[in-house]
file protein-v4.pdb (PDB, C-alpha atoms and all ligand atoms)
ATOM      1  CA  MET A  16     -14.588  -9.065  -3.678
ATOM      2  CA  PRO A  17     -12.656  -8.652  -0.398
ATOM      3  CA  ALA A  18      -9.312  -6.868  -0.526
ATOM      4  CA  ILE A  19      -6.246  -9.091  -0.863
ATOM      5  CA  THR A  20      -3.449  -8.424   1.612
ATOM      6  CA  VAL A  21       0.022  -9.947   1.377
ATOM      7  CA  THR A  22       3.092  -9.194   3.476
ATOM      8  CA  ALA A  23       6.747 -10.111   2.975
ATOM      9  CA  PRO A  24       9.617  -9.980   5.491
ATOM     10  CA  GLY A  25      12.870  -8.085   5.460
ATOM     11  CA  LYS A  26      16.161  -9.970   5.461
ATOM     12  CA  ILE A  27      19.737  -9.895   6.685
ATOM     13  CA  ILE A  28      22.763 -11.435   5.054
ATOM     14  CA  LEU A  29      24.639 -13.518   7.633
ATOM     15  CA  PHE A  30      27.583 -14.304   5.359
ATOM     16  CA  GLY A  31      28.817 -13.648   1.859
ATOM     17  CA  GLU A  32      27.522 -10.270   0.657
ATOM     18  CA  HIS A  33      29.411  -8.935  -2.381
ATOM     19  CA  ALA A  34      31.284 -12.241  -2.832
ATOM     20  CA  VAL A  35      27.896 -13.740  -3.777
ATOM     21  CA  VAL A  36      27.759 -11.426  -6.811
ATOM     22  CA  TYR A  37      30.949 -13.179  -7.987
ATOM     23  CA  GLY A  38      29.613 -16.705  -7.650
ATOM     24  CA  ARG A  39      30.571 -17.495  -4.054
ATOM     25  CA  PRO A  40      27.962 -18.889  -1.636
ATOM     26  CA  ALA A  41      26.161 -16.690   0.883
ATOM     27  CA  ILE A  42      23.681 -17.178   3.718
ATOM     28  CA  ALA A  43      20.657 -14.990   4.380
ATOM     29  CA  VAL A  44      17.745 -15.214   6.818
ATOM     30  CA  PRO A  45      14.368 -13.475   6.853
ATOM     31  CA  VAL A  46      13.594 -10.817   9.466
ATOM     32  CA  SER A  47       9.892 -11.014  10.194
ATOM     33  CA  GLN A  48       9.797  -8.060  12.609
ATOM     34  CA  VAL A  49       9.920  -5.670   9.645
ATOM     35  CA  ARG A  50       7.620  -6.253   6.678
ATOM     36  CA  ALA A  51       6.318  -4.827   3.406
ATOM     37  CA  ARG A  52       2.571  -5.004   2.804
ATOM     38  CA  ALA A  53       0.544  -4.846  -0.429
ATOM     39  CA  VAL A  54      -3.236  -4.539  -0.411
ATOM     40  CA  VAL A  55      -5.205  -4.835  -3.660
ATOM     41  CA  SER A  56      -8.878  -3.894  -3.677
ATOM     42  CA  ALA A  57     -11.281  -3.874  -6.606
ATOM     43  CA  ASN A  58     -12.741  -0.577  -7.851
ATOM     44  CA  PRO A  59     -16.130  -1.797  -9.106
ATOM     45  CA  HIS A  60     -16.848   1.518 -10.818
ATOM     46  CA  GLY A  61     -13.425   1.962 -12.431
ATOM     47  CA  ALA A  62     -12.665   1.349 -16.107
ATOM     48  CA  PRO A  63     -10.988  -2.007 -16.904
ATOM     49  CA  GLY A  64      -7.214  -1.661 -16.938
ATOM     50  CA  ASP A  65      -7.293   1.256 -14.506
ATOM     51  CA  ILE A  66      -4.831   0.536 -11.693
ATOM     52  CA  TYR A  67      -4.436   3.151  -9.009
ATOM     53  CA  ILE A  68      -1.302   3.024  -6.845
ATOM     54  CA  GLN A  69      -0.784   4.459  -3.379
ATOM     55  CA  ALA A  70       2.624   4.243  -1.705
ATOM     56  CA  PRO A  71       2.538   6.899   1.021
ATOM     57  CA  GLU A  72       6.075   6.265   2.290
ATOM     58  CA  VAL A  73       7.568   7.242  -1.053
ATOM     59  CA  ASP A  74       4.968   9.965  -1.656
ATOM     60  CA  LEU A  75       3.519   8.137  -4.605
ATOM     61  CA  GLU A  76      -0.125   8.390  -5.600
ATOM     62  CA  ALA A  77      -0.650   7.762  -9.317
ATOM     63  CA  ARG A  78      -2.312   5.707 -11.989
ATOM     64  CA  LEU A  79      -0.162   2.894 -13.341
ATOM     65  CA  ALA A  80      -0.539   4.325 -16.845
ATOM     66  CA  ASP A  81       1.111   7.573 -15.676
ATOM     67  CA  LEU A  82       4.182   5.939 -14.138
ATOM     68  CA  PRO A  83       7.436   5.453 -16.044
ATOM     69  CA  ALA A  84       7.998   1.812 -17.025
ATOM     70  CA  GLU A  85      11.156   1.690 -14.881
ATOM     71  CA  ASN A  86       9.307   2.561 -11.682
ATOM     72  CA  PRO A  87       9.798  -0.525  -9.461
ATOM     73  CA  ILE A  88       6.110  -0.785  -8.514
ATOM     74  CA  ALA A  89       5.055  -0.397 -12.160
ATOM     75  CA  LEU A  90       7.595  -3.022 -13.187
ATOM     76  CA  ALA A  91       6.334  -5.503 -10.579
ATOM     77  CA  ILE A  92       2.722  -5.045 -11.771
ATOM     78  CA  SER A  93       3.532  -5.207 -15.475
ATOM     79  CA  GLY A  94       5.674  -8.299 -14.803
ATOM     80  CA  VAL A  95       2.610 -10.047 -13.384
ATOM     81  CA  LEU A  96       0.368  -8.940 -16.271
ATOM     82  CA  VAL A  97       2.854 -10.243 -18.859
ATOM     83  CA  GLU A  98       3.489 -13.470 -16.916
ATOM     84  CA  LEU A  99      -0.229 -14.227 -16.706
ATOM     85  CA  GLY A 100      -1.037 -12.998 -20.229
ATOM     86  CA  VAL A 101      -3.597 -10.526 -18.881
ATOM     87  CA  ALA A 102      -4.009  -7.498 -21.157
ATOM     88  CA  ARG A 103      -6.357  -5.555 -18.879
ATOM     89  CA  SER A 104      -6.756  -6.118 -15.194
ATOM     90  CA  PRO A 105     -10.066  -5.301 -13.507
ATOM     91  CA  ALA A 106      -9.926  -1.768 -12.074
ATOM     92  CA  CYS A 107      -8.247  -1.782  -8.678
ATOM     93  CA  THR A 108      -6.261   0.123  -6.089
ATOM     94  CA  LEU A 109      -2.881  -1.177  -4.906
ATOM     95  CA  ARG A 110      -1.674   0.220  -1.595
ATOM     96  CA  VAL A 111       1.940  -0.435  -0.644
ATOM     97  CA  THR A 112       3.371   0.217   2.826
ATOM     98  CA  SER A 113       6.477  -1.023   4.580
ATOM     99  CA  THR A 114       8.217  -0.899   7.937
ATOM    100  CA  ILE A 115      11.531  -1.968   6.374
ATOM    101  CA  PRO A 116      14.051   0.886   6.233
ATOM    102  CA  VAL A 117      14.955   1.768   2.625
ATOM    103  CA  ALA A 118      18.551   1.501   1.302
ATOM    104  CA  ALA A 119      19.664  -0.090   4.557
ATOM    105  CA  GLY A 120      20.567  -3.638   3.502
ATOM    106  CA  LEU A 121      17.346  -5.114   4.906
ATOM    107  CA  GLY A 122      15.828  -6.149   1.593
ATOM    108  CA  SER A 123      13.137  -3.485   1.419
ATOM    109  CA  GLY A 124      13.032  -3.433  -2.402
ATOM    110  CA  ALA A 125      12.684  -7.210  -2.684
ATOM    111  CA  ALA A 126      10.018  -7.367   0.033
ATOM    112  CA  VAL A 127       7.895  -4.676  -1.637
ATOM    113  CA  SER A 128       8.121  -6.509  -4.970
ATOM    114  CA  VAL A 129       7.295  -9.926  -3.483
ATOM    115  CA  ALA A 130       4.258  -8.526  -1.676
ATOM    116  CA  ILE A 131       2.981  -6.726  -4.792
ATOM    117  CA  ILE A 132       3.545  -9.688  -7.124
ATOM    118  CA  ARG A 133       1.791 -12.126  -4.770
ATOM    119  CA  ALA A 134      -1.113  -9.802  -3.997
ATOM    120  CA  PHE A 135      -1.697  -8.720  -7.582
ATOM    121  CA  SER A 136      -1.477 -12.216  -9.081
ATOM    122  CA  ALA A 137      -3.910 -13.454  -6.393
ATOM    123  CA  PHE A 138      -6.218 -10.537  -7.248
ATOM    124  CA  LEU A 139      -6.188 -11.731 -10.869
ATOM    125  CA  GLY A 140      -7.196 -15.190  -9.622
ATOM    126  CA  LYS A 141      -3.880 -16.849 -10.560
ATOM    127  CA  ALA A 142      -1.576 -16.806  -7.545
ATOM    128  CA  LEU A 143       1.959 -17.394  -8.814
ATOM    129  CA  PRO A 144       4.214 -20.147  -7.411
ATOM    130  CA  ASP A 145       7.225 -19.111  -5.306
ATOM    131  CA  GLU A 146       9.667 -19.780  -8.121
ATOM    132  CA  ARG A 147       7.944 -17.274 -10.420
ATOM    133  CA  VAL A 148       7.449 -14.731  -7.629
ATOM    134  CA  SER A 149      11.203 -14.876  -7.001
ATOM    135  CA  ALA A 150      12.068 -14.642 -10.721
ATOM    136  CA  LEU A 151       9.807 -11.614 -11.299
ATOM    137  CA  THR A 152      11.206  -9.951  -8.180
ATOM    138  CA  TYR A 153      14.711 -10.516  -9.539
ATOM    139  CA  GLU A 154      13.761  -8.555 -12.663
ATOM    140  CA  VAL A 155      12.699  -5.609 -10.483
ATOM    141  CA  GLU A 156      15.873  -5.928  -8.377
ATOM    142  CA  LYS A 157      17.885  -5.254 -11.518
ATOM    143  CA  LEU A 158      16.636  -1.658 -11.333
ATOM    144  CA  HIS A 159      18.427  -1.212  -8.000
ATOM    145  CA  HIS A 160      21.724  -2.443  -9.366
ATOM    146  CA  GLY A 161      22.752  -3.968 -12.634
ATOM    147  CA  MET A 162      23.943  -7.353 -11.439
ATOM    148  CA  PRO A 163      22.029  -8.556  -8.391
ATOM    149  CA  SER A 164      23.137 -11.968  -7.210
ATOM    150  CA  GLY A 165      19.539 -13.079  -6.610
ATOM    151  CA  ILE A 166      19.933 -13.675  -2.873
ATOM    152  CA  ASP A 167      17.497 -10.933  -1.777
ATOM    153  CA  ASN A 168      14.560 -12.075  -3.936
ATOM    154  CA  THR A 169      15.214 -15.691  -2.902
ATOM    155  CA  VAL A 170      15.295 -15.275   0.881
ATOM    156  CA  VAL A 171      12.374 -12.838   0.892
ATOM    157  CA  THR A 172      10.210 -15.044  -1.358
ATOM    158  CA  TYR A 173      10.770 -18.251   0.615
ATOM    159  CA  ALA A 174      10.893 -16.465   3.991
ATOM    160  CA  LEU A 175      13.295 -19.137   5.264
ATOM    161  CA  PRO A 176      17.066 -19.212   5.904
ATOM    162  CA  VAL A 177      18.855 -19.913   2.599
ATOM    163  CA  TYR A 178      22.293 -20.949   1.445
ATOM    164  CA  PHE A 179      22.551 -19.321  -1.932
ATOM    165  CA  LYS A 180      25.009 -19.682  -4.774
ATOM    166  CA  ARG A 181      24.379 -18.081  -8.130
ATOM    167  CA  GLY A 182      23.191 -20.534 -10.761
ATOM    168  CA  GLU A 183      22.642 -23.389  -8.295
ATOM    169  CA  PRO A 184      19.352 -24.641  -6.823
ATOM    170  CA  ILE A 185      18.637 -22.826  -3.574
ATOM    171  CA  GLN A 186      19.198 -24.717  -0.344
ATOM    172  CA  ILE A 187      16.893 -24.046   2.581
ATOM    173  CA  LEU A 188      18.950 -24.130   5.790
ATOM    174  CA  ARG A 189      17.408 -25.883   8.761
ATOM    175  CA  SER A 190      18.948 -25.087  12.112
ATOM    176  CA  PRO A 191      18.156 -27.676  14.803
ATOM    177  CA  VAL A 192      18.651 -25.053  17.517
ATOM    178  CA  ARG A 193      17.635 -21.424  17.770
ATOM    179  CA  PHE A 194      20.069 -18.541  17.735
ATOM    180  CA  THR A 195      19.670 -14.816  18.181
ATOM    181  CA  MET A 196      20.912 -11.795  16.263
ATOM    182  CA  VAL A 197      20.766  -8.122  17.117
ATOM    183  CA  ILE A 198      20.543  -5.796  14.123
ATOM    184  CA  GLY A 199      21.840  -2.238  14.517
ATOM    185  CA  ASP A 200      21.044   0.501  12.011
ATOM    186  CA  THR A 201      23.608   3.259  11.380
ATOM    187  CA  GLY A 202      20.770   5.354   9.945
ATOM    188  CA  ILE A 203      22.995   6.125   6.978
ATOM    189  CA  SER A 204      21.279   5.468   3.682
ATOM    190  CA  SER A 205      23.469   3.488   1.305
ATOM    191  CA  PRO A 206      22.200   2.542  -2.152
ATOM    192  CA  THR A 207      23.266  -1.006  -3.009
ATOM    193  CA  ALA A 208      24.171   0.032  -6.571
ATOM    194  CA  LEU A 209      26.941   2.354  -5.405
ATOM    195  CA  ALA A 210      28.734  -0.146  -3.167
ATOM    196  CA  VAL A 211      28.336  -2.917  -5.751
ATOM    197  CA  SER A 212      29.773  -0.781  -8.564
ATOM    198  CA  ASP A 213      32.678   0.387  -6.374
ATOM    199  CA  VAL A 214      33.557  -3.221  -5.579
ATOM    200  CA  HIS A 215      33.288  -4.023  -9.270
ATOM    201  CA  ARG A 216      35.738  -1.265 -10.179
ATOM    202  CA  ALA A 217      38.169  -2.316  -7.455
ATOM    203  CA  TRP A 218      37.908  -5.941  -8.605
ATOM    204  CA  GLN A 219      38.725  -4.885 -12.173
ATOM    205  CA  GLU A 220      41.769  -2.939 -10.945
ATOM    206  CA  ASN A 221      42.995  -5.662  -8.657
ATOM    207  CA  PRO A 222      41.413  -8.978  -9.660
ATOM    208  CA  ALA A 223      43.854 -11.249  -7.826
ATOM    209  CA  SER A 224      43.362  -9.710  -4.398
ATOM    210  CA  TYR A 225      39.563  -9.415  -4.749
ATOM    211  CA  GLU A 226      39.220 -12.981  -6.023
ATOM    212  CA  GLY A 227      41.273 -14.045  -2.992
ATOM    213  CA  LEU A 228      38.950 -12.150  -0.634
ATOM    214  CA  PHE A 229      35.855 -13.610  -2.311
ATOM    215  CA  ASP A 230      37.327 -17.117  -1.932
ATOM    216  CA  VAL A 231      37.888 -16.595   1.799
ATOM    217  CA  VAL A 232      34.330 -15.304   2.206
ATOM    218  CA  GLY A 233      32.963 -18.288   0.268
ATOM    219  CA  GLN A 234      34.793 -20.624   2.650
ATOM    220  CA  LEU A 235      33.350 -18.754   5.631
ATOM    221  CA  SER A 236      29.831 -19.269   4.206
ATOM    222  CA  GLN A 237      30.504 -22.980   3.819
ATOM    223  CA  ALA A 238      31.797 -23.258   7.387
ATOM    224  CA  ALA A 239      28.770 -21.295   8.603
ATOM    225  CA  ARG A 240      26.388 -23.630   6.792
ATOM    226  CA  ARG A 241      27.983 -26.600   8.581
ATOM    227  CA  ALA A 242      27.784 -24.840  11.948
ATOM    228  CA  ILE A 243      24.104 -23.968  11.465
ATOM    229  CA  GLN A 244      23.048 -27.379  10.203
ATOM    230  CA  SER A 245      24.946 -29.253  12.909
ATOM    231  CA  GLY A 246      23.360 -27.158  15.648
ATOM    232  CA  GLN A 247      26.528 -25.281  16.664
ATOM    233  CA  PRO A 248      25.605 -21.656  16.070
ATOM    234  CA  ASP A 249      28.180 -20.458  18.629
ATOM    235  CA  GLU A 250      30.779 -21.112  15.944
ATOM    236  CA  LEU A 251      29.195 -18.394  13.799
ATOM    237  CA  GLY A 252      30.628 -15.613  15.968
ATOM    238  CA  SER A 253      34.253 -15.881  14.929
ATOM    239  CA  LEU A 254      33.200 -16.571  11.322
ATOM    240  CA  MET A 255      31.233 -13.304  11.361
ATOM    241  CA  ASP A 256      34.252 -11.410  12.712
ATOM    242  CA  LYS A 257      36.382 -12.830   9.902
ATOM    243  CA  ASN A 258      33.736 -11.966   7.302
ATOM    244  CA  HIS A 259      33.633  -8.378   8.589
ATOM    245  CA  ALA A 260      37.426  -8.115   8.232
ATOM    246  CA  CYS A 261      37.097  -9.236   4.586
ATOM    247  CA  LEU A 262      34.375  -6.653   3.965
ATOM    248  CA  GLN A 263      36.625  -3.964   5.452
ATOM    249  CA  GLN A 264      39.355  -5.025   3.046
ATOM    250  CA  MET A 265      36.865  -4.847   0.158
ATOM    251  CA  GLY A 266      36.313  -1.201   1.139
ATOM    252  CA  VAL A 267      32.603  -1.452   1.965
ATOM    253  CA  SER A 268      32.623  -0.838   5.716
ATOM    254  CA  SER A 269      32.501   2.639   7.245
ATOM    255  CA  PRO A 270      33.552   4.251  10.537
ATOM    256  CA  GLU A 271      29.926   4.106  11.753
ATOM    257  CA  LEU A 272      29.549   0.400  10.903
ATOM    258  CA  ASP A 273      32.932  -0.409  12.471
ATOM    259  CA  HIS A 274      31.946   1.509  15.599
ATOM    260  CA  LEU A 275      28.680  -0.428  16.031
ATOM    261  CA  VAL A 276      30.447  -3.745  15.296
ATOM    262  CA  GLU A 277      33.079  -2.956  17.939
ATOM    263  CA  THR A 278      30.416  -1.792  20.405
ATOM    264  CA  ALA A 279      28.512  -5.075  20.045
ATOM    265  CA  ARG A 280      31.675  -7.127  20.590
ATOM    266  CA  LEU A 281      32.677  -5.128  23.679
ATOM    267  CA  ALA A 282      29.138  -5.503  25.048
ATOM    268  CA  GLY A 283      29.455  -9.290  24.881
ATOM    269  CA  ALA A 284      28.342 -10.328  21.390
ATOM    270  CA  GLN A 285      29.933 -13.533  20.115
ATOM    271  CA  GLY A 286      30.717 -11.900  16.779
ATOM    272  CA  ALA A 287      29.551  -9.047  14.556
ATOM    273  CA  LYS A 288      29.707  -7.781  10.993
ATOM    274  CA  LEU A 289      28.094  -5.379   8.603
ATOM    275  CA  SER A 290      25.161  -6.870   6.684
ATOM    276  CA  GLY A 291      24.170  -6.060   3.111
ATOM    277  CA  ALA A 292      25.923  -3.734   0.715
ATOM    278  CA  GLY A 293      27.721  -1.781   3.456
ATOM    279  CA  ARG A 294      28.937   1.853   3.644
ATOM    280  CA  GLY A 295      25.867   2.520   5.802
ATOM    281  CA  GLY A 296      22.751   0.548   6.566
ATOM    282  CA  ASN A 297      22.845  -2.197   9.150
ATOM    283  CA  MET A 298      25.239  -4.387  11.107
ATOM    284  CA  ILE A 299      24.395  -7.639  12.861
ATOM    285  CA  ALA A 300      25.701  -9.294  16.024
ATOM    286  CA  LEU A 301      25.367 -12.898  17.199
ATOM    287  CA  VAL A 302      24.335 -12.871  20.855
ATOM    288  CA  LYS A 303      23.158 -15.139  23.643
ATOM    289  CA  GLU A 304      19.413 -14.628  23.888
ATOM    290  CA  ASN A 305      19.506 -13.411  27.497
ATOM    291  CA  ILE A 306      21.842 -10.498  26.731
ATOM    292  CA  ALA A 307      20.163  -9.453  23.455
ATOM    293  CA  PRO A 308      18.276  -6.510  25.044
ATOM    294  CA  ALA A 309      21.502  -5.230  26.654
ATOM    295  CA  ILE A 310      23.368  -5.405  23.335
ATOM    296  CA  ALA A 311      20.501  -3.623  21.582
ATOM    297  CA  GLN A 312      20.688  -0.908  24.248
ATOM    298  CA  ALA A 313      24.470  -0.597  23.844
ATOM    299  CA  LEU A 314      24.053  -0.162  20.086
ATOM    300  CA  LEU A 315      21.426   2.553  20.559
ATOM    301  CA  GLN A 316      23.693   4.364  23.029
ATOM    302  CA  ALA A 317      26.535   4.139  20.514
ATOM    303  CA  GLY A 318      24.460   5.947  17.888
ATOM    304  CA  ALA A 319      22.322   3.273  16.190
ATOM    305  CA  VAL A 320      18.976   4.752  15.133
ATOM    306  CA  ARG A 321      17.216   1.412  15.598
ATOM    307  CA  ALA A 322      17.981  -2.019  17.008
ATOM    308  CA  ILE A 323      16.016  -5.169  16.198
ATOM    309  CA  ILE A 324      16.325  -8.497  17.988
ATOM    310  CA  THR A 325      15.580 -11.455  15.737
ATOM    311  CA  THR A 326      15.771 -15.215  16.288
ATOM    312  CA  VAL A 327      16.501 -17.945  13.754
ATOM    313  CA  ARG A 328      14.381 -20.925  14.799
ATOM    314  CA  PRO A 329      14.263 -24.602  13.955
ATOM    315  CA  PRO A 330      11.602 -25.305  11.320
ATOM    316  CA  ARG A 331       8.145 -26.182  12.585
ATOM    317  CA  ILE A 332       7.249 -29.852  12.257
ATOM    318  CA  HIS A 333       3.761 -30.174  10.787
TER
HETATM  319  O1  LIG B 401      20.468  -5.192  -0.874
HETATM  320  P1  LIG B 401      21.600  -5.306   0.082
HETATM  321  O2  LIG B 401      22.143  -4.023   0.524
HETATM  322  O3  LIG B 401      21.341  -6.286   1.185
HETATM  323  O4  LIG B 401      22.826  -5.954  -0.736
HETATM  324  C1  LIG B 401      22.699  -7.198  -1.294
HETATM  325  C2  LIG B 401      23.951  -7.931  -1.169
HETATM  326  C3  LIG B 401      25.009  -7.709  -2.239
HETATM  327  O5  LIG B 401      25.777  -8.899  -2.220
HETATM  328  C4  LIG B 401      25.886  -6.532  -1.878
HETATM  329  C5  LIG B 401      24.425  -7.501  -3.611
HETATM  330  C6  LIG B 401      23.771  -8.732  -4.220
HETATM  331  O6  LIG B 401      23.092  -8.577  -5.244
HETATM  332  O7  LIG B 401      23.942  -9.848  -3.725
END
call {"tool": "encode", "arguments": {"input": "protein-v4.pdb", "output": "structure tokens"}}
result
Amino acid sequence: MPAITVTAPGKIILFGEHAVVYGRPAIAVPVSQVRARAVVSANPHGAPGDIYIQAPEVDLEARLADLPAENPIALAISGVLVELGVARSPACTLRVTSTIPVAAGLGSGAAVSVAIIRAFSAFLGKALPDERVSALTYEVEKLHHGMPSGIDNTVVTYALPVYFKRGEPIQILRSPVRFTMVIGDTGISSPTALAVSDVHRAWQENPASYEGLFDVVGQLSQAARRAIQSGQPDELGSLMDKNHACLQQMGVSSPELDHLVETARLAGAQGAKLSGAGRGGNMIALVKENIAPAIAQALLQAGAVRAIITTVRPPRIH
């Protein structure tokens, strides 16, 4: 049997991080330049049930049976086995690699899970539908922080721009015109769980002001959805600036993020904000396509460890 290879993209949150945990809408888009990859190959001489895992980037080389149940890779695999009612998989090797920076707000955890769940279910001959891939990935996301909104697993599974509100059917966003973002990485690792629990504590201490901030952010997401769908992405710039100000007030920005955001604006971006949980990780800037390389260069000169240019495109007509 040939090896099965599946990849999944990274993601950025354009609007609504943190507020989305509290039921407000958010917008996220896939970033296909960075990807997680899972390759499953059969071990014809292995004993049934024997699953060997290689994940060189996290220094992991182990049999599934020797991993703790709460290991994210183990949880993704066991989720598939339970879902499909398979007690023993044929012996195989699962190799996981990724070019998505970890703990940087680019959806690395969700992408790894989506790739594993798709590859492993296909290996078992029962490729799961998107809805189940997303739901199983959500279960793994819970390991990263206790109350994920569900936006990461959704955008990474569907690999399309999404307007996401907890508990509501997902809406795929179709932009009639293309627009370009530059992503700048502070290089500072920031676990999502920490920022999310800090916001939770602050919200408990001061519910009125945090609810007010979340409401403003929710309105920005709604305005952004209209701008995207009506083909007026230039309007996103000032909405991003406003969203960044809200995130600063929530206490999740950092001097490094603020510096890169300011650098992008001074270099000619139409707007900029942090993206993801904050504190470190990445920021994003809306730019005119022709100046994207110059903005990326400005970010690198200002201390970004990496800059990615990504374009949101109109859907292909088949
Ligand atoms: O995984 P990150 O860093 O992109 O953060 C996800 C966005 C949050 O709103 C902060 C958390 C969530 O579950 O939606």
call {"tool": "closest_residue", "arguments": {"input": "protein-v4.pdb", "among": "A:Ala279, A:Leu82, A:Val231, A:Val35", "to": "Gln264 of chain A", "atoms": "only C-alpha atoms"}}
result
A:Val231
call {"tool": "residues_near_ligand", "arguments": {"input": "protein-v4.pdb", "ligand": "ligand LIG 401 (chain B)", "cutoff": "7 Å", "atoms": "all atoms listed in the file", "output": "list in words"}}
result
Ile27, Ile28, Gly31, Glu32, His33, Ala34, Val35, Val36, Ala118, Ala119, Gly120, Leu121, Gly122, Met162, Pro163, Ser164, Gly165, Ile166, Asp167, Thr207, Val211, Ser290, Gly291, Ala292 and Gly293 of chain A
call {"tool": "resolve_selection", "arguments": {"input": "protein-v4.pdb", "expression": "the PyMOL selection byres (((chain A and resi 39) around 7) and not hetatm)", "output": "list in words"}}
result
Ala34, Val35, Tyr37, Gly38, Pro40, Ala41, Lys180, Phe229 and Gly233 of chain A
call {"tool": "closest_residue", "arguments": {"input": "protein-v4.pdb", "among": "A:Arg193, A:Arg52, A:Gly202, A:Phe30", "to": "Cys261 of chain A", "atoms": "only C-alpha atoms"}}
result
A:Phe30
call {"tool": "axis_aligned_box", "arguments": {"input": "protein-v4.pdb", "around": "segment 250-259 of chain A", "padding_each_side": "4 Å", "output": "JSON"}}
result
{"center_x": 32.8, "center_y": -14.7, "center_z": 11.6, "size_x": 15.2, "size_y": 20.7, "size_z": 16.7}
call {"tool": "resolve_selection", "arguments": {"input": "protein-v4.pdb", "expression": "the PyMOL selection byres (((chain A and resi 268-272) around 7) and not hetatm)", "output": "list in words"}}
result
Thr201, Leu262, Gln263, Gly266, Val267, Asp273, His274, Leu275, Val276, Leu289, Gly293, Arg294, Gly295 and Met298 of chain A
call {"tool": "atom_distance", "arguments": {"input": "protein-v4.pdb", "atom1": "atom CA of Pro184 of chain A", "atom2": "atom CA of Asp145 of chain A"}}
result
13.4 Å
call {"tool": "atom_distance", "arguments": {"input": "protein-v4.pdb", "atom1": "atom CA of Ser212 of chain A", "atom2": "atom CA of Arg181 of chain A"}}
result
18.1 Å
call {"tool": "residues_near_point", "arguments": {"input": "protein-v4.pdb", "point": "(18.0, -3.0, 10.7)", "cutoff": "12 Å", "atoms": "only C-alpha atoms", "output": "ChimeraX atom specification"}}
result
/A:25-28,45-50,114-123,196-204,289-291,295-300,311,314-315,319-325
call {"tool": "atom_distance", "arguments": {"input": "protein-v4.pdb", "atom1": "atom CA of Ala137 of chain A", "atom2": "atom CA of Phe179 of chain A"}}
result
27.5 Å
call {"tool": "residues_around", "arguments": {"input": "protein-v4.pdb", "residues": "Ala102 of chain A", "least_positions_apart": "5", "cutoff": "10 Å", "atoms": "all atoms listed in the file", "output": "list in words"}}
result
Pro63, Gly64, Ser93, Leu96 and Val97 of chain A
call {"tool": "residues_around", "arguments": {"input": "protein-v4.pdb", "residues": "Val127 of chain A", "least_positions_apart": "5", "cutoff": "9 Å", "atoms": "only C-alpha atoms", "output": "ChimeraX atom specification"}}
result
/A:22-23,50-53,88,111-113,122,132
call {"tool": "closest_residue", "arguments": {"input": "protein-v4.pdb", "among": "A:Arg216, A:Thr195, A:Glu277, A:Ala89", "to": "Ile306 of chain A", "atoms": "all atoms listed in the file"}}
result
A:Thr195
call {"tool": "closest_atom_pairs", "arguments": {"input": "protein-v4.pdb", "of": "segment 164-192 of chain A", "to": "segment 241-254 of chain A", "cutoff": "12 Å", "atoms": "all atoms listed in the file", "output": "JSON lines"}}
result
{"residue": "A:Pro176", "atom": "CA", "partner": "A:Ile243", "partner_atom": "CA", "distance": 10.2}
{"residue": "A:Val177", "atom": "CA", "partner": "A:Ile243", "partner_atom": "CA", "distance": 11.1}
{"residue": "A:Tyr178", "atom": "CA", "partner": "A:Ile243", "partner_atom": "CA", "distance": 10.6}
{"residue": "A:Gln186", "atom": "CA", "partner": "A:Gln244", "partner_atom": "CA", "distance": 11.5}
{"residue": "A:Ile187", "atom": "CA", "partner": "A:Gln244", "partner_atom": "CA", "distance": 10.3}
{"residue": "A:Leu188", "atom": "CA", "partner": "A:Gln244", "partner_atom": "CA", "distance": 6.8}
{"residue": "A:Arg189", "atom": "CA", "partner": "A:Gln244", "partner_atom": "CA", "distance": 6.0}
{"residue": "A:Ser190", "atom": "CA", "partner": "A:Gln244", "partner_atom": "CA", "distance": 5.1}
{"residue": "A:Pro191", "atom": "CA", "partner": "A:Gly246", "partner_atom": "CA", "distance": 5.3}
{"residue": "A:Val192", "atom": "CA", "partner": "A:Gly246", "partner_atom": "CA", "distance": 5.5}
call {"tool": "closest_residue", "arguments": {"input": "protein-v4.pdb", "among": "A:Leu139, A:Ala126, A:Ala84, A:Leu281", "to": "Met16 of chain A", "atoms": "all atoms listed in the file"}}
result
A:Leu139
call {"tool": "closest_residue", "arguments": {"input": "protein-v4.pdb", "among": "A:Ile68, A:Leu75, A:Leu29, A:Leu109", "to": "Val327 of chain A", "atoms": "all atoms listed in the file"}}
result
A:Leu29
call {"tool": "resolve_selection", "arguments": {"input": "protein-v4.pdb", "expression": "the PyMOL selection byres (((chain A and resi 152-159) around 9) and not hetatm)", "output": "PyMOL selection string"}}
result
chain A and resi 85-88+90-91+94+124-126+128-129+132+147-151+160-165+167-169+172+206-208
call {"tool": "residues_around", "arguments": {"input": "protein-v4.pdb", "residues": "Gly283 of chain A", "least_positions_apart": "5", "cutoff": "9 Å", "atoms": "only C-alpha atoms", "output": "ChimeraX atom specification"}}
result
/A:278,302-303,306,310
call {"tool": "closest_residue", "arguments": {"input": "protein-v4.pdb", "among": "A:Val95, A:Cys107, A:Ala282, A:Val21", "to": "Ala309 of chain A", "atoms": "all atoms listed in the file"}}
result
A:Ala282
